[in-house]
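Take a look at the structure below.
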Amino acid sequence: MNTNEKQTQDKKLSCAYCAVTNCNAMDKTYPSFCLTTNMDESFKEETMKTYDEGDNLKVMQTAAQVEHEGYMKWCRVQEIIEFAKRMGYKKLGIATCVGLIRETRILTDILTSHGFEVYGAACKVGAVPKAEVGIGEECCDVGVNMCNPVMQAKILNKEKTDMNIIMGLCVGHDSLFYKYSEALVTTLVAKDRVMGHNPVAALYTSESYYGKLKES
């Protein structure tokens, strides 16, 4: 057995390695490691019961309606507007990077034109120096004050927003915002300074121009 074969054998295979994706139809063949065909029924039943909790079922039904009606027709901004309207949301929060304040103002104008109340919190809110939380001095090259996703979440929690929108928070900062936001969160902009905030472009070029991504 060569090294590549052993590495493949040692991997715990999952959907991340699937090139079949027949789970949407369930009418063809599946890989031996398919999570669906190998799923424990009690786990499936327990998970499905979660949709009966709170407004989970309404969220799923509304998301499906928006997907169906807007498929290949609506941009993500319009999908967010339609989803929020159908959910009956009135107040939307925006957790924005300060580098995207202009885009946030444009989004705010669009959302308010649809009757939503909008409340935003920028990433540098509180103006807390990075040194205060033990961030290294070298990191001050890109700004002295820390991004503050927990504070952004808590501010929007205090405002009792119905849903929050992420506008370009950094990797990790967005994770903390998701963790502490009491309202549902959706992402409009995923930050990628190199790719013009279009992260998937790196995947499309990873086997050609951006092959350095595979270098360890």
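Simple scheme: letters A, B, ... for chains in structure tokens order, numbers from 1 for residues in each chain, numbers from 1 for ligands in the order shown.
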
Within 10 Å of Pro129 of chain A, counting only C-alpha atoms, which residues qualify if same-chain residues fewer than 2 places away don't, as a short mmCIF file (atom, residue, chain, number, x, y, z; two decimals) with all heavy atoms, in the first residue's frame?
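New file part_28.cif:
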```cif
data_model
loop_
_atom_site.label_atom_id
_atom_site.label_comp_id
_atom_site.auth_asym_id
_atom_site.auth_seq_id
_atom_site.Cartn_x
_atom_site.Cartn_y
_atom_site.Cartn_z
N LYS A 124 -15.32 48.48 15.17
CA LYS A 124 -14.42 49.16 16.10
C LYS A 124 -15.17 49.85 17.24
O LYS A 124 -14.58 50.62 18.00
CB LYS A 124 -13.57 50.19 15.34
CG LYS A 124 -12.71 49.62 14.23
CD LYS A 124 -11.64 48.67 14.74
CE LYS A 124 -10.74 48.21 13.59
NZ LYS A 124 -9.68 47.27 14.05
N GLY A 126 -16.62 51.06 20.58
CA GLY A 126 -15.99 51.01 21.90
C GLY A 126 -14.56 51.52 21.89
O GLY A 126 -14.03 51.91 22.92
N ALA A 127 -13.94 51.52 20.68
CA ALA A 127 -12.56 52.01 20.52
C ALA A 127 -11.62 51.46 21.59
O ALA A 127 -10.94 52.19 22.31
CB ALA A 127 -12.54 53.55 20.53
N ALA A 131 -4.06 46.15 22.65
CA ALA A 131 -3.19 45.76 23.76
C ALA A 131 -4.00 45.39 25.01
O ALA A 131 -3.55 44.60 25.84
CB ALA A 131 -2.21 46.89 24.09
N GLU A 132 -5.21 45.94 25.11
CA GLU A 132 -6.02 45.72 26.30
C GLU A 132 -6.45 44.26 26.44
O GLU A 132 -6.76 43.79 27.54
CB GLU A 132 -7.25 46.63 26.26
CG GLU A 132 -7.97 46.77 27.58
CD GLU A 132 -8.93 47.93 27.61
OE1 GLU A 132 -8.54 49.06 27.28
OE2 GLU A 132 -10.12 47.68 27.96
N VAL A 133 -6.51 43.52 25.32
CA VAL A 133 -6.88 42.11 25.39
C VAL A 133 -5.70 41.21 25.03
O VAL A 133 -5.87 40.04 24.69
CB VAL A 133 -8.10 41.81 24.47
CG1 VAL A 133 -9.34 42.50 24.98
CG2 VAL A 133 -7.81 42.19 23.02
N GLY A 134 -4.51 41.77 25.09
CA GLY A 134 -3.32 40.96 24.88
C GLY A 134 -2.96 40.67 23.44
O GLY A 134 -2.18 39.76 23.16
N ILE A 135 -3.52 41.42 22.51
CA ILE A 135 -3.17 41.25 21.09
C ILE A 135 -1.79 41.87 20.88
O ILE A 135 -1.51 42.98 21.35
CB ILE A 135 -4.22 41.91 20.18
CG1 ILE A 135 -5.56 41.18 20.32
CG2 ILE A 135 -3.76 41.90 18.73
CD1 ILE A 135 -6.70 41.83 19.58
N CYS A 140 -0.90 45.92 15.42
CA CYS A 140 -1.32 47.32 15.35
C CYS A 140 -0.97 47.95 14.01
O CYS A 140 -1.39 49.09 13.73
CB CYS A 140 -0.72 48.12 16.50
SG CYS A 140 -1.36 47.65 18.12
N GLY A 143 -4.08 48.74 12.44
CA GLY A 143 -5.05 49.45 13.27
C GLY A 143 -4.78 49.23 14.74
O GLY A 143 -4.53 48.11 15.17
N VAL A 144 -4.85 50.30 15.52
CA VAL A 144 -4.54 50.23 16.95
C VAL A 144 -5.68 49.62 17.76
O VAL A 144 -5.46 48.90 18.71
CB VAL A 144 -4.19 51.64 17.49
CG1 VAL A 144 -4.01 51.60 19.01
CG2 VAL A 144 -2.95 52.18 16.81
N ASN A 145 -6.92 49.93 17.37
CA ASN A 145 -8.07 49.44 18.13
C ASN A 145 -8.55 48.09 17.61
O ASN A 145 -8.50 47.80 16.41
CB ASN A 145 -9.21 50.45 18.06
CG ASN A 145 -8.90 51.70 18.85
OD1 ASN A 145 -8.14 51.65 19.82
ND2 ASN A 145 -9.47 52.83 18.46
N MET A 146 -9.03 47.27 18.54
CA MET A 146 -9.48 45.92 18.21
C MET A 146 -10.85 45.93 17.55
O MET A 146 -11.65 46.84 17.79
CB MET A 146 -9.55 45.07 19.47
CG MET A 146 -10.57 45.55 20.50
SD MET A 146 -10.63 44.53 22.00
CE MET A 146 -11.72 43.21 21.46
N CYS A 147 -11.10 44.93 16.73
CA CYS A 147 -12.47 44.68 16.31
C CYS A 147 -13.20 44.08 17.51
O CYS A 147 -12.59 43.38 18.33
CB CYS A 147 -12.50 43.70 15.14
SG CYS A 147 -11.80 44.39 13.62
#
```

Glu117 of chain A: which residues within 8 Å, counting only C-alpha atoms, same-chain residues fewer than 6 positions away excluded, as a PDB file with N, CA and C atoms, in the first residue's frame?
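part29.pdb, freshly written:
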```
ATOM      1  N   LYS A  90     -39.307  43.396  11.716  1.00  0.00           N
ATOM      2  CA  LYS A  90     -39.433  44.850  11.583  1.00  0.00           C
ATOM      3  C   LYS A  90     -38.102  45.569  11.754  1.00  0.00           C
ATOM      4  N   LYS A  91     -37.248  45.045  12.649  1.00  0.00           N
ATOM      5  CA  LYS A  91     -35.991  45.727  12.981  1.00  0.00           C
ATOM      6  C   LYS A  91     -34.807  44.840  12.624  1.00  0.00           C
ATOM      7  N   LEU A  92     -33.959  45.349  11.748  1.00  0.00           N
ATOM      8  CA  LEU A  92     -32.806  44.589  11.284  1.00  0.00           C
ATOM      9  C   LEU A  92     -31.520  45.223  11.798  1.00  0.00           C
ATOM     10  N   LEU A 111     -32.870  49.004   2.775  1.00  0.00           N
ATOM     11  CA  LEU A 111     -33.736  48.348   3.752  1.00  0.00           C
ATOM     12  C   LEU A 111     -34.804  49.288   4.302  1.00  0.00           C
TER      13      LEU A 111
END
```

Write out, as a tab-separated table, each residue of segment 66-157 of chain A that has an atom at most 12 Å from segment 56-60 of chain A, together with the closest pair of atoms and their distance in Å to one decimal, counting only C-alpha atoms, rows going by chain and rising number.
```
residue	atom	partner	partner_atom	distance
A:Val66	CA	A:Met60	CA	10.0
A:Glu67	CA	A:Met60	CA	10.5
A:Phe83	CA	A:Val59	CA	8.6
A:Ala84	CA	A:Val59	CA	9.8
A:Lys85	CA	A:Val59	CA	11.8
A:Arg86	CA	A:Val59	CA	9.4
A:Met87	CA	A:Val59	CA	7.3
A:Gly88	CA	A:Lys58	CA	10.7
A:Tyr89	CA	A:Val59	CA	11.6
```

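Considering only C-alpha atoms, the residue among A:Tyr210, A:Cys75, A:Ala183, A:Phe177 positioned nearest to Asp55 of chain A is A:Ala183.
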
Using only C-alpha atoms, can you tell me which of A:Ser14, A:Leu176, A:Glu53, A:Met167 comes closest to Ala95 of chain A?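 For Ala95 of chain A, the nearest of the given residues is A:Met167.
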
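With only C-alpha atoms as the atoms that count, the residue of A:Val171, A:Ile101, A:Val118, A:Ile166 with the shortest distance to Leu184 of chain A is A:Ile166.
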
Name the closest residue to Val77 of chain A among the candidates A:Ala64, A:Cys23, A:Ile110, A:Leu213; distances are taken between atoms, counting only C-alpha atoms.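 The closest residue to Val77 of chain A is A:Ile110.
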
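Residues of segment 101-140 of chain A that DSSP places in alpha helix (DSSP H), based on the backbone of this structure, are A:Ile101, A:Arg102, A:Glu103, A:Thr104, A:Arg105, A:Ile106, A:Leu107, A:Thr108, A:Asp109, A:Ile110, A:Leu111, A:Thr112, A:Ser113.
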
Store the residues picked out above, limited to N, CA and C atoms, as a tab-separated table (two decimals), in the first residue's frame.
```tsv
chain	number	residue	atom	x	y	z
A	101	ILE	N	-18.36	50.67	5.61
A	101	ILE	CA	-19.38	51.61	6.07
A	101	ILE	C	-20.17	52.20	4.90
A	102	ARG	N	-19.49	52.49	3.81
A	102	ARG	CA	-20.20	53.05	2.64
A	102	ARG	C	-21.24	52.06	2.15
A	103	GLU	N	-20.84	50.79	2.02
A	103	GLU	CA	-21.77	49.77	1.56
A	103	GLU	C	-22.90	49.57	2.57
A	104	THR	N	-22.58	49.71	3.84
A	104	THR	CA	-23.61	49.58	4.88
A	104	THR	C	-24.62	50.72	4.79
A	105	ARG	N	-24.16	51.92	4.49
A	105	ARG	CA	-25.10	53.04	4.32
A	105	ARG	C	-26.02	52.79	3.13
A	106	ILE	N	-25.46	52.24	2.06
A	106	ILE	CA	-26.30	51.93	0.88
A	106	ILE	C	-27.32	50.87	1.25
A	107	LEU	N	-26.88	49.82	1.94
A	107	LEU	CA	-27.80	48.76	2.36
A	107	LEU	C	-28.89	49.33	3.27
A	108	THR	N	-28.49	50.20	4.18
A	108	THR	CA	-29.46	50.81	5.10
A	108	THR	C	-30.53	51.58	4.34
A	109	ASP	N	-30.11	52.33	3.33
A	109	ASP	CA	-31.08	53.07	2.50
A	109	ASP	C	-32.06	52.12	1.82
A	110	ILE	N	-31.53	51.01	1.32
A	110	ILE	CA	-32.39	50.04	0.63
A	110	ILE	C	-33.37	49.41	1.61
A	111	LEU	N	-32.87	49.00	2.78
A	111	LEU	CA	-33.74	48.35	3.75
A	111	LEU	C	-34.80	49.29	4.30
A	112	THR	N	-34.43	50.53	4.58
A	112	THR	CA	-35.42	51.49	5.10
A	112	THR	C	-36.47	51.82	4.04
A	113	SER	N	-36.08	51.76	2.77
A	113	SER	CA	-37.06	52.03	1.71
A	113	SER	C	-38.12	50.94	1.65
```

Separation of atom CA of Ser181 of chain A from atom CA of Lys160 of chain A in Å: 10.2 Å

If you run DSSP on the backbone here, which positions in chain A get strand (DSSP E or B)? Please write them as a VMD selection string. chain A and resid 91 to 96 117 to 122 129 145 163 to 167 184 to 189

Measuring between only C-alpha atoms, which one of A:Val150, A:Thr62, A:Lys191, A:Ile155 shows the shortest distance to Tyr178 of chain A? A:Val150

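The space between atom CA of Cys97 of chain A and atom CA of Cys170 of chain A spans 7.9 Å.
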
Which residue, A:Leu203, A:Lys28, A:Glu138, A:Glu82, has the smallest gap to Phe116 of chain A when you use only C-alpha atoms?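 The shortest atom-to-atom distance to Phe116 of chain A comes from A:Glu82.
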
Atom CA of Ala190 of chain A to atom CA of Gly99 of chain A, straight-line distance in Å: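 Interatomic distance here is 12.6 Å.
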